[in-house]
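The next block is query_24.cif, given as mmCIF, C-alpha atoms.
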```cif
data_work
loop_
_atom_site.label_atom_id
_atom_site.label_comp_id
_atom_site.auth_asym_id
_atom_site.auth_seq_id
_atom_site.Cartn_x
_atom_site.Cartn_y
_atom_site.Cartn_z
CA MET M 1 -45.34 139.77 -58.95
CA GLY M 2 -48.51 140.60 -57.15
CA GLY M 3 -52.08 139.45 -57.41
CA HIS M 4 -55.26 141.39 -56.88
CA VAL M 5 -55.97 141.16 -53.15
CA THR M 6 -55.03 144.50 -51.66
CA GLU M 7 -54.88 143.88 -47.91
CA ALA M 8 -51.75 142.82 -46.05
CA ALA M 9 -51.24 139.08 -45.71
CA GLY M 10 -50.78 139.52 -41.96
CA ALA M 11 -49.70 141.98 -39.29
CA LEU M 12 -46.97 144.34 -40.42
CA ALA M 13 -43.54 144.18 -38.79
CA ASP M 14 -43.09 146.99 -36.27
CA GLU M 15 -39.47 147.47 -37.28
CA LEU M 16 -36.68 145.77 -39.16
CA PRO M 17 -33.70 144.19 -37.39
CA GLY M 18 -30.79 146.60 -37.18
CA TRP M 19 -28.77 144.50 -39.63
CA VAL M 20 -31.46 144.69 -42.37
CA THR M 21 -31.88 147.62 -44.77
CA LEU M 22 -34.65 148.00 -47.35
CA LEU M 23 -33.93 149.77 -50.65
CA ARG M 24 -37.12 149.99 -52.71
CA ALA M 25 -36.72 150.27 -56.47
CA PRO M 26 -38.60 153.02 -58.34
CA ASN M 27 -40.77 150.61 -60.37
CA PRO M 28 -44.22 150.78 -58.78
CA GLY M 29 -47.15 149.24 -60.61
CA PRO M 30 -50.15 146.93 -60.30
CA MET M 31 -47.91 143.83 -60.38
CA THR M 32 -44.97 145.26 -58.39
CA LEU M 33 -46.97 147.16 -55.72
CA ASP M 34 -44.74 149.96 -54.36
CA GLY M 35 -41.73 148.63 -56.29
CA THR M 36 -39.26 145.78 -56.00
CA ASN M 37 -37.69 145.38 -52.56
CA THR M 38 -33.91 145.07 -52.55
CA TRP M 39 -32.73 143.86 -49.16
CA VAL M 40 -29.25 144.57 -47.76
CA LEU M 41 -28.06 142.36 -44.89
CA ARG M 42 -24.98 143.47 -42.94
CA ALA M 43 -24.02 141.78 -39.68
CA ALA M 44 -21.79 144.62 -38.44
CA PRO M 45 -20.21 147.83 -39.71
CA GLY M 46 -17.40 147.02 -42.11
CA GLU M 47 -18.58 143.46 -42.75
CA PRO M 48 -19.34 142.63 -46.40
CA ALA M 49 -23.09 142.85 -46.96
CA VAL M 50 -25.39 140.38 -48.70
CA VAL M 51 -27.80 141.91 -51.23
CA VAL M 52 -31.02 140.07 -52.09
CA ASP M 53 -32.78 140.86 -55.42
CA PRO M 54 -31.04 143.75 -57.24
CA GLY M 55 -34.27 144.75 -58.97
CA PRO M 56 -34.70 146.60 -62.28
CA ALA M 57 -31.87 148.18 -64.27
CA ASP M 58 -32.30 151.66 -62.84
CA GLU M 59 -29.00 153.51 -62.44
CA ASP M 60 -30.12 155.53 -59.42
CA HIS M 61 -31.28 152.37 -57.66
CA LEU M 62 -28.02 150.64 -58.54
CA ALA M 63 -26.05 153.56 -57.15
CA ARG M 64 -28.00 153.34 -53.88
CA ILE M 65 -27.15 149.63 -53.61
CA ALA M 66 -23.46 150.20 -54.40
CA ALA M 67 -23.33 152.95 -51.77
CA HIS M 68 -24.00 150.23 -49.18
CA GLY M 69 -20.76 148.44 -50.09
CA PRO M 70 -18.70 146.51 -49.46
CA VAL M 71 -20.96 143.74 -50.77
CA GLY M 72 -19.76 140.14 -50.64
CA LEU M 73 -22.68 138.33 -52.30
CA VAL M 74 -25.83 138.96 -54.30
CA LEU M 75 -28.71 136.48 -54.02
CA ILE M 76 -31.73 136.06 -56.30
CA THR M 77 -35.12 134.78 -55.15
CA HIS M 78 -36.36 134.04 -58.70
CA GLY M 79 -35.67 135.05 -62.27
CA HIS M 80 -38.39 137.58 -63.10
CA PRO M 81 -36.89 140.76 -64.60
CA ASP M 82 -38.17 143.08 -61.87
CA HIS M 83 -35.84 141.17 -59.52
CA THR M 84 -32.89 140.37 -61.79
CA GLU M 85 -32.59 142.95 -64.54
CA ALA M 86 -29.95 144.89 -62.60
CA SER M 87 -27.80 141.84 -61.81
CA ALA M 88 -25.16 142.13 -64.52
CA ARG M 89 -24.64 145.86 -64.01
CA LEU M 90 -24.51 145.47 -60.23
CA HIS M 91 -21.96 142.67 -60.62
CA GLU M 92 -19.75 145.20 -62.43
CA LEU M 93 -20.34 148.04 -59.98
CA LEU M 94 -19.47 145.79 -57.04
CA GLY M 95 -16.18 144.66 -58.56
CA GLY M 96 -17.32 141.17 -59.46
CA ALA M 97 -19.34 140.13 -56.42
CA HIS M 98 -20.95 136.79 -57.22
CA VAL M 99 -24.64 136.71 -58.12
CA ARG M 100 -26.20 133.38 -57.14
CA ALA M 101 -29.61 132.07 -58.12
CA ALA M 102 -31.25 128.66 -58.39
CA ASP M 103 -31.34 129.06 -62.17
CA PRO M 104 -27.88 129.08 -63.80
CA ALA M 105 -29.22 131.63 -66.30
CA HIS M 106 -29.34 134.21 -63.50
CA THR M 107 -26.07 133.23 -61.83
CA ILE M 108 -22.99 135.39 -62.50
CA GLY M 109 -19.46 134.57 -61.39
CA GLY M 110 -20.34 131.80 -58.93
CA GLU M 111 -22.23 128.55 -58.64
CA PRO M 112 -26.01 128.23 -58.79
CA LEU M 113 -27.73 127.78 -55.47
CA GLY M 114 -27.72 124.10 -54.65
CA THR M 115 -28.61 121.80 -51.80
CA PRO M 116 -32.02 122.41 -50.19
CA GLY M 117 -31.47 123.31 -46.56
CA GLY M 118 -27.83 124.06 -47.25
CA HIS M 119 -26.40 127.25 -45.81
CA LEU M 120 -24.29 130.12 -47.04
CA GLY M 121 -21.93 131.61 -44.50
CA GLY M 122 -18.92 133.85 -44.37
CA PHE M 123 -20.60 137.25 -44.05
CA GLY M 124 -21.51 137.27 -40.37
CA VAL M 125 -25.01 135.90 -41.02
CA GLU M 126 -26.22 132.35 -41.54
CA ILE M 127 -28.31 131.96 -44.70
CA HIS M 128 -30.31 128.78 -45.25
CA LEU M 129 -31.73 127.98 -48.67
CA LEU M 130 -35.46 127.16 -48.75
CA PRO M 131 -36.55 125.96 -52.21
CA THR M 132 -40.11 127.25 -52.65
CA PRO M 133 -41.22 126.62 -56.24
CA GLY M 134 -44.70 127.55 -57.35
CA HIS M 135 -44.76 131.24 -58.26
CA THR M 136 -42.02 130.17 -60.67
CA ALA M 137 -40.11 126.91 -60.96
CA ASP M 138 -36.91 128.56 -59.69
CA SER M 139 -38.38 130.44 -56.70
CA VAL M 140 -36.44 130.18 -53.45
CA CYS M 141 -36.65 131.81 -50.04
CA PHE M 142 -33.84 132.48 -47.58
CA LEU M 143 -33.96 131.91 -43.83
CA VAL M 144 -31.35 134.29 -42.39
CA GLU M 145 -30.09 134.11 -38.81
CA HIS M 146 -27.97 136.63 -36.96
CA GLU M 147 -27.35 136.29 -33.24
CA ASP M 148 -30.81 135.65 -31.75
CA GLN M 149 -32.81 137.05 -34.67
CA ARG M 150 -34.27 135.33 -37.73
CA VAL M 151 -36.00 136.57 -40.87
CA VAL M 152 -37.30 134.85 -44.00
CA LEU M 153 -36.78 136.60 -47.33
CA THR M 154 -39.76 135.41 -49.33
CA GLY M 155 -39.35 136.95 -52.78
CA ASP M 156 -42.70 136.74 -54.55
CA THR M 157 -43.77 133.55 -52.77
CA ILE M 158 -45.29 135.73 -50.03
CA LEU M 159 -45.88 139.44 -50.62
CA GLY M 160 -46.33 142.12 -48.00
CA ARG M 161 -49.67 143.09 -49.50
CA GLY M 162 -52.04 141.06 -51.66
CA THR M 163 -51.42 137.61 -53.06
CA THR M 164 -49.00 136.44 -55.70
CA VAL M 165 -49.61 135.07 -59.18
CA VAL M 166 -48.82 131.45 -59.99
CA ALA M 167 -47.09 132.13 -63.30
CA HIS M 168 -48.37 129.14 -65.30
CA PRO M 169 -46.92 127.17 -67.03
CA ASP M 170 -43.57 127.87 -65.31
CA GLY M 171 -45.38 128.17 -61.99
CA HIS M 172 -47.25 125.18 -60.57
CA LEU M 173 -50.04 125.36 -57.98
CA GLY M 174 -49.26 122.01 -56.35
CA ASP M 175 -45.67 123.12 -55.81
CA TYR M 176 -46.87 126.48 -54.55
CA LEU M 177 -49.18 124.97 -51.95
CA ALA M 178 -46.35 122.73 -50.74
CA SER M 179 -44.07 125.77 -50.50
CA LEU M 180 -46.66 127.62 -48.43
CA GLU M 181 -46.94 124.59 -46.13
CA LEU M 182 -43.18 124.79 -45.62
CA LEU M 183 -43.27 128.53 -44.90
CA SER M 184 -46.18 128.07 -42.49
CA THR M 185 -43.75 126.35 -40.11
CA TYR M 186 -41.86 129.63 -39.54
CA ARG M 187 -44.29 131.04 -36.99
CA GLY M 188 -43.21 134.26 -35.37
CA VAL M 189 -40.39 134.85 -37.88
CA PRO M 190 -40.68 138.13 -39.81
CA ALA M 191 -41.14 137.87 -43.58
CA LEU M 192 -39.20 140.24 -45.83
CA PRO M 193 -41.05 140.06 -49.17
CA GLY M 194 -40.10 140.98 -52.72
CA HIS M 195 -42.85 143.62 -52.82
CA GLY M 196 -44.81 145.45 -50.14
CA PRO M 197 -44.12 145.93 -46.44
CA ALA M 198 -42.37 143.52 -44.12
CA LEU M 199 -44.69 141.19 -42.20
CA ALA M 200 -44.41 140.23 -38.55
CA ASP M 201 -45.11 136.51 -38.99
CA CYS M 202 -44.11 134.44 -42.01
CA GLY M 203 -46.05 131.40 -40.79
CA ALA M 204 -49.28 133.35 -40.30
CA ALA M 205 -48.93 134.94 -43.74
CA ALA M 206 -48.40 131.51 -45.33
CA GLU M 207 -51.55 130.23 -43.63
CA PHE M 208 -53.50 133.26 -44.92
CA TYR M 209 -52.28 132.45 -48.43
CA LEU M 210 -53.22 128.79 -48.09
CA ALA M 211 -56.75 129.69 -47.02
CA HIS M 212 -57.06 132.13 -49.92
CA ARG M 213 -55.83 129.56 -52.45
CA ARG M 214 -58.22 126.90 -51.18
CA ALA M 215 -61.13 129.34 -51.39
CA ARG M 216 -60.18 130.25 -54.95
CA LEU M 217 -60.00 126.58 -55.90
CA ASP M 218 -63.55 126.13 -54.61
CA GLN M 219 -64.65 129.10 -56.73
CA VAL M 220 -62.94 127.72 -59.83
CA ARG M 221 -64.59 124.32 -59.31
CA ALA M 222 -67.95 126.06 -59.00
CA ALA M 223 -67.35 128.10 -62.16
CA VAL M 224 -66.54 124.97 -64.17
CA ASP M 225 -69.54 123.13 -62.72
CA ALA M 226 -71.71 126.12 -63.66
CA GLY M 227 -70.65 125.85 -67.29
CA ALA M 228 -67.48 127.90 -67.79
CA THR M 229 -65.79 126.37 -70.82
CA THR M 230 -62.64 128.47 -71.21
CA ALA M 231 -60.01 129.83 -68.85
CA SER M 232 -61.12 133.36 -69.72
CA GLU M 233 -64.71 132.50 -68.75
CA VAL M 234 -63.48 131.25 -65.38
CA VAL M 235 -61.65 134.56 -64.90
CA GLU M 236 -64.83 136.48 -65.73
CA ARG M 237 -66.77 134.57 -63.07
CA VAL M 238 -64.16 134.20 -60.32
CA TYR M 239 -62.22 137.46 -60.74
CA ALA M 240 -65.11 139.76 -61.59
CA ASP M 241 -64.04 142.11 -58.78
CA VAL M 242 -60.56 142.56 -60.28
CA ASP M 243 -59.67 145.41 -62.62
CA ARG M 244 -59.95 144.03 -66.16
CA SER M 245 -56.45 145.30 -66.92
CA LEU M 246 -55.16 142.54 -64.60
CA TRP M 247 -57.24 139.69 -66.03
CA TRP M 248 -54.29 138.51 -68.11
CA ALA M 249 -52.39 137.80 -64.86
CA ALA M 250 -55.47 136.23 -63.27
CA GLU M 251 -55.66 133.88 -66.24
CA TRP M 252 -52.15 132.60 -65.41
CA SER M 253 -53.36 131.62 -61.96
CA VAL M 254 -56.61 130.16 -63.35
CA ARG M 255 -54.69 127.93 -65.73
CA ALA M 256 -52.55 126.75 -62.81
CA GLN M 257 -55.71 126.09 -60.78
CA LEU M 258 -57.35 124.17 -63.61
CA GLU M 259 -54.23 122.04 -64.08
CA TYR M 260 -54.23 121.29 -60.34
CA LEU M 261 -57.91 120.30 -60.48
CA GLY M 262 -57.36 118.04 -63.49
CA VAL M 263 -59.37 120.24 -65.84
CA GLU M 264 -57.61 120.31 -69.19
CA PRO M 265 -57.74 123.43 -71.38
CA ARG M 266 -58.09 122.85 -75.12
CA GLU M 267 -58.41 125.19 -78.07
CA SER M 268 -61.91 125.82 -79.41
CA GLY M 269 -62.77 126.50 -83.02
CA ALA M 270 -63.03 130.18 -82.16
CA GLY M 271 -59.44 130.18 -80.92
CA GLY M 272 -60.22 130.27 -77.19
CA ALA M 273 -59.23 127.65 -74.66
CA GLU M 274 -62.10 125.31 -73.80
CA LEU M 275 -62.07 123.11 -70.71
CA LYS M 276 -62.59 119.42 -70.46
CA GLN M 277 -62.25 117.15 -67.46
CA PRO M 278 -60.40 113.88 -68.15
#
```

For this file, write the structure as structure tokens.
Amino acid sequence: MGGHVTEAAGALADELPGWVTLLRAPNPGPMTLDGTNTWVLRAAPGEPAVVVDPGPADEDHLARIAAHGPVGLVLITHGHPDHTEASARLHELLGGAHVRAADPAHTIGGEPLGTPGGHLGGFGVEIHLLPTPGHTADSVCFLVEHEDQRVVLTGDTILGRGTTVVAHPDGHLGDYLASLELLSTYRGVPALPGHGPALADCGAAAEFYLAHRRARLDQVRAAVDAGATTASEVVERVYADVDRSLWWAAEWSVRAQLEYLGVEPRESGAGGAELKQP
């Protein structure tokens, strides 16, 4: 789920590895950019593929995924519907291929994703689980290795264009910053995001995001110091350049920022959320 910044988070990848295929779902929008990216990983012709993020429940999109069978495993980066709505139907179309997510609610037929740093093998690629909470509590990324190539599938933790929303209260800014610090260590490894184009350097994109988040925190501090008394007032001051139709999403991130800064929202007599610093 995207934010409001429109530029790419780093240099775009010149090309995808030969064992990676992008199938983009037909659900474009302000929060999904060009649509949800479904990634198909196949080590060699005839090998069972791994599908990452089935996307929305669109029958044409599902048919395109199934046409890339056989599929041995479906992985989920996080539980938002634009990534998971198609899971149950795809599970049927693929003859019961397991769908695995960090959250048991989005796991079908197998076990939830478990040990941080653990790996999933058996399909000709090595997949390492990178827990990256922050956008949501259940967000994960996948470091995938095949021969001498590596990619990181970043879900909505890093997007190909713009910045992501910290979906407060499920999302947590402190967790998100820590997840970006982790991803910043993967310098030179392409990032395959949940929305937008593939990026050449996951580590550089993570550093771009960290700088952006720190700048926004400074702006939120300044807005509170200048007298903003509700989360919506902070949005008006800090996100004035954003289309008002997206202010509801900006308010999610603002509430996460205020929580991180120790500024506590409370309800005013008028029904809005006022801010107080403990």

Give me, as a PyMOL selection string, all polymer residues having an atom no more than 7 Å from range 65-75 of chain M, counting only C-alpha atoms and skipping those fewer than 2 positions away in the same chain. chain M and resi 48-53+61-63+77+93-94+97-101

Do a neighbour search on Ala200 in chain M at 7 Å with only C-alpha atoms, toss out local chain neighbours closer than 5 positions, and write the hits as a ChimeraX atom specification. /M:11-13,188-191

Any idea what the distance is between CA of His83 in chain M and CA of Val166 in chain M? 16.2 Å

Return as a ChimeraX atom specification the set of residues that the PyMOL selection byres ((chain M and resi 217) around 10) yields on the displayed structure. /M:211-216,218-223,238,254,257-258,260-261

Once the PyMOL selection byres ((chain M and resi 9) around 7) is applied to the coordinates I shared, what remains selected? I want it as a CSV table (one decimal) with C-alpha atoms, in the frame of the given file.
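The resulting file, expr-v1.csv, is shown below:
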```
chain,number,residue,atom,x,y,z
M,7,GLU,CA,-54.9,143.9,-47.9
M,8,ALA,CA,-51.8,142.8,-46.0
M,10,GLY,CA,-50.8,139.5,-42.0
M,160,GLY,CA,-46.3,142.1,-48.0
M,161,ARG,CA,-49.7,143.1,-49.5
M,162,GLY,CA,-52.0,141.1,-51.7
M,205,ALA,CA,-48.9,134.9,-43.7
M,208,PHE,CA,-53.5,133.3,-44.9
```

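Every residue that the PyMOL selection byres ((chain M and resi 121) around 12) selects in this file is listed here: Ala43, Pro48, Ala49, Val50, Gly72, Leu73, Gly118, His119, Leu120, Gly122, Phe123, Gly124, Val125, Glu126, Ile127, His128, Leu129, Val144, Glu145 and His146 of chain M.
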
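In this model, the gap between CA of Arg42 in chain M and CA of Pro197 in chain M comes to 19.6 Å.
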
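CA of Asp241 in chain M sits 28.1 Å away from CA of Leu192 in chain M.
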
Would you list the contacts of Gly79 in chain M as number ranges by chain, taking every protein, DNA or RNA residue within 9 Å and counting only C-alpha atoms, but skipping same-chain residues closer than 3 positions in sequence? M: 76, 82-85, 101-103, 105-106, 136, 138-139

Keeping C-alpha atoms, export the residues of the selection given above as a compact mmCIF listing (two decimals), keeping the file's coordinate frame.
```txt
# COMPACT_ATOMS: atom_id res chain seq x y z
CA ILE M 76 -31.73 136.06 -56.30
CA ASP M 82 -38.17 143.08 -61.87
CA HIS M 83 -35.84 141.17 -59.52
CA THR M 84 -32.89 140.37 -61.79
CA GLU M 85 -32.59 142.95 -64.54
CA ALA M 101 -29.61 132.07 -58.12
CA ALA M 102 -31.25 128.66 -58.39
CA ASP M 103 -31.34 129.06 -62.17
CA ALA M 105 -29.22 131.63 -66.30
CA HIS M 106 -29.34 134.21 -63.50
CA THR M 136 -42.02 130.17 -60.67
CA ASP M 138 -36.91 128.56 -59.69
CA SER M 139 -38.38 130.44 -56.70
```

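For the choices M:Glu111, M:Glu207, M:Asp148, M:Asp201, the atom-to-atom distance to Asp14 in chain M is smallest for M:Asp201 when using all atoms listed in the file.
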
With only C-alpha atoms as the atoms that count, which of M:Leu143, M:Val224, M:Ala198, M:Ala167 lies nearest to Tyr186 in chain M? M:Leu143

Scan for residues within 12 Å of the point (-43.7, 131.2, -71.0) in the coordinates of the file, using only C-alpha atoms, and reply as a PDB file with C-alpha atoms, in the frame of the given file.
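And here is the file that came out, result39.pdb:
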```
ATOM      1  CA  HIS M  80     -38.390 137.580 -63.100  1.00  0.00           C
ATOM      2  CA  THR M 136     -42.020 130.170 -60.670  1.00  0.00           C
ATOM      3  CA  ALA M 137     -40.110 126.910 -60.960  1.00  0.00           C
ATOM      4  CA  ALA M 167     -47.090 132.130 -63.300  1.00  0.00           C
ATOM      5  CA  HIS M 168     -48.370 129.140 -65.300  1.00  0.00           C
ATOM      6  CA  PRO M 169     -46.920 127.170 -67.030  1.00  0.00           C
ATOM      7  CA  ASP M 170     -43.570 127.870 -65.310  1.00  0.00           C
ATOM      8  CA  GLY M 171     -45.380 128.170 -61.990  1.00  0.00           C
ATOM      9  CA  TRP M 252     -52.150 132.600 -65.410  1.00  0.00           C
TER      10      TRP M 252
END
```

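Of the residues listed (M:Gly114, M:Gly55, M:Gly227, M:Gly46), M:Gly114 shows the shortest atom-to-atom separation from Pro131 in chain M; distances use all atoms listed in the file.
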
Protein/DNA/RNA residues near (-35.6, 152.5, -53.0), cut 12 Å, all atoms listed in the file, as a list of chain:residue names: M:Thr21, M:Leu22, M:Leu23, M:Arg24, M:Ala25, M:Pro26, M:Asn27, M:Pro28, M:Asp34, M:Gly35, M:Thr36, M:Asn37, M:Thr38, M:Trp39, M:Val40, M:Pro54, M:Gly55, M:Pro56, M:Asp58, M:Glu59, M:Asp60, M:His61, M:Leu62, M:Ala63, M:Arg64, M:Ile65, M:His195, M:Gly196

N, CA and C atoms are needed for range 227-244 of chain M; please write them out as a compact mmCIF listing (two decimals), in the frame of the given file.
```txt
# COMPACT_ATOMS: atom_id res chain seq x y z
N GLY M 227 -70.66 125.79 -65.84
CA GLY M 227 -70.65 125.85 -67.29
C GLY M 227 -69.55 126.66 -67.93
N ALA M 228 -68.61 127.20 -67.16
CA ALA M 228 -67.48 127.90 -67.79
C ALA M 228 -66.70 126.92 -68.66
N THR M 229 -66.43 127.30 -69.89
CA THR M 229 -65.79 126.37 -70.82
C THR M 229 -64.42 126.82 -71.29
N THR M 230 -63.98 128.01 -70.88
CA THR M 230 -62.64 128.47 -71.21
C THR M 230 -62.02 129.09 -69.97
N ALA M 231 -60.69 129.18 -69.97
CA ALA M 231 -60.01 129.83 -68.85
C ALA M 231 -60.46 131.27 -68.70
N SER M 232 -60.68 131.97 -69.81
CA SER M 232 -61.12 133.36 -69.72
C SER M 232 -62.51 133.46 -69.10
N GLU M 233 -63.39 132.49 -69.37
CA GLU M 233 -64.71 132.50 -68.75
C GLU M 233 -64.62 132.27 -67.24
N VAL M 234 -63.69 131.44 -66.82
CA VAL M 234 -63.48 131.25 -65.38
C VAL M 234 -63.03 132.57 -64.75
N VAL M 235 -62.11 133.27 -65.42
CA VAL M 235 -61.65 134.56 -64.90
C VAL M 235 -62.82 135.52 -64.76
N GLU M 236 -63.68 135.57 -65.77
CA GLU M 236 -64.83 136.48 -65.73
C GLU M 236 -65.73 136.20 -64.53
N ARG M 237 -65.89 134.93 -64.18
CA ARG M 237 -66.77 134.57 -63.07
C ARG M 237 -66.09 134.73 -61.71
N VAL M 238 -64.83 134.28 -61.62
CA VAL M 238 -64.16 134.20 -60.32
C VAL M 238 -63.46 135.52 -59.97
N TYR M 239 -62.99 136.24 -60.97
CA TYR M 239 -62.22 137.46 -60.74
C TYR M 239 -62.97 138.69 -61.21
N ALA M 240 -64.29 138.65 -61.11
CA ALA M 240 -65.11 139.76 -61.59
C ALA M 240 -64.83 141.06 -60.83
N ASP M 241 -64.32 140.93 -59.58
CA ASP M 241 -64.04 142.11 -58.78
C ASP M 241 -62.68 142.71 -59.06
N VAL M 242 -61.92 142.11 -59.98
CA VAL M 242 -60.56 142.56 -60.28
C VAL M 242 -60.60 143.48 -61.49
N ASP M 243 -59.79 144.52 -61.47
CA ASP M 243 -59.67 145.41 -62.62
C ASP M 243 -59.37 144.58 -63.87
N ARG M 244 -60.11 144.82 -64.94
CA ARG M 244 -59.95 144.03 -66.16
C ARG M 244 -58.54 144.10 -66.73
```
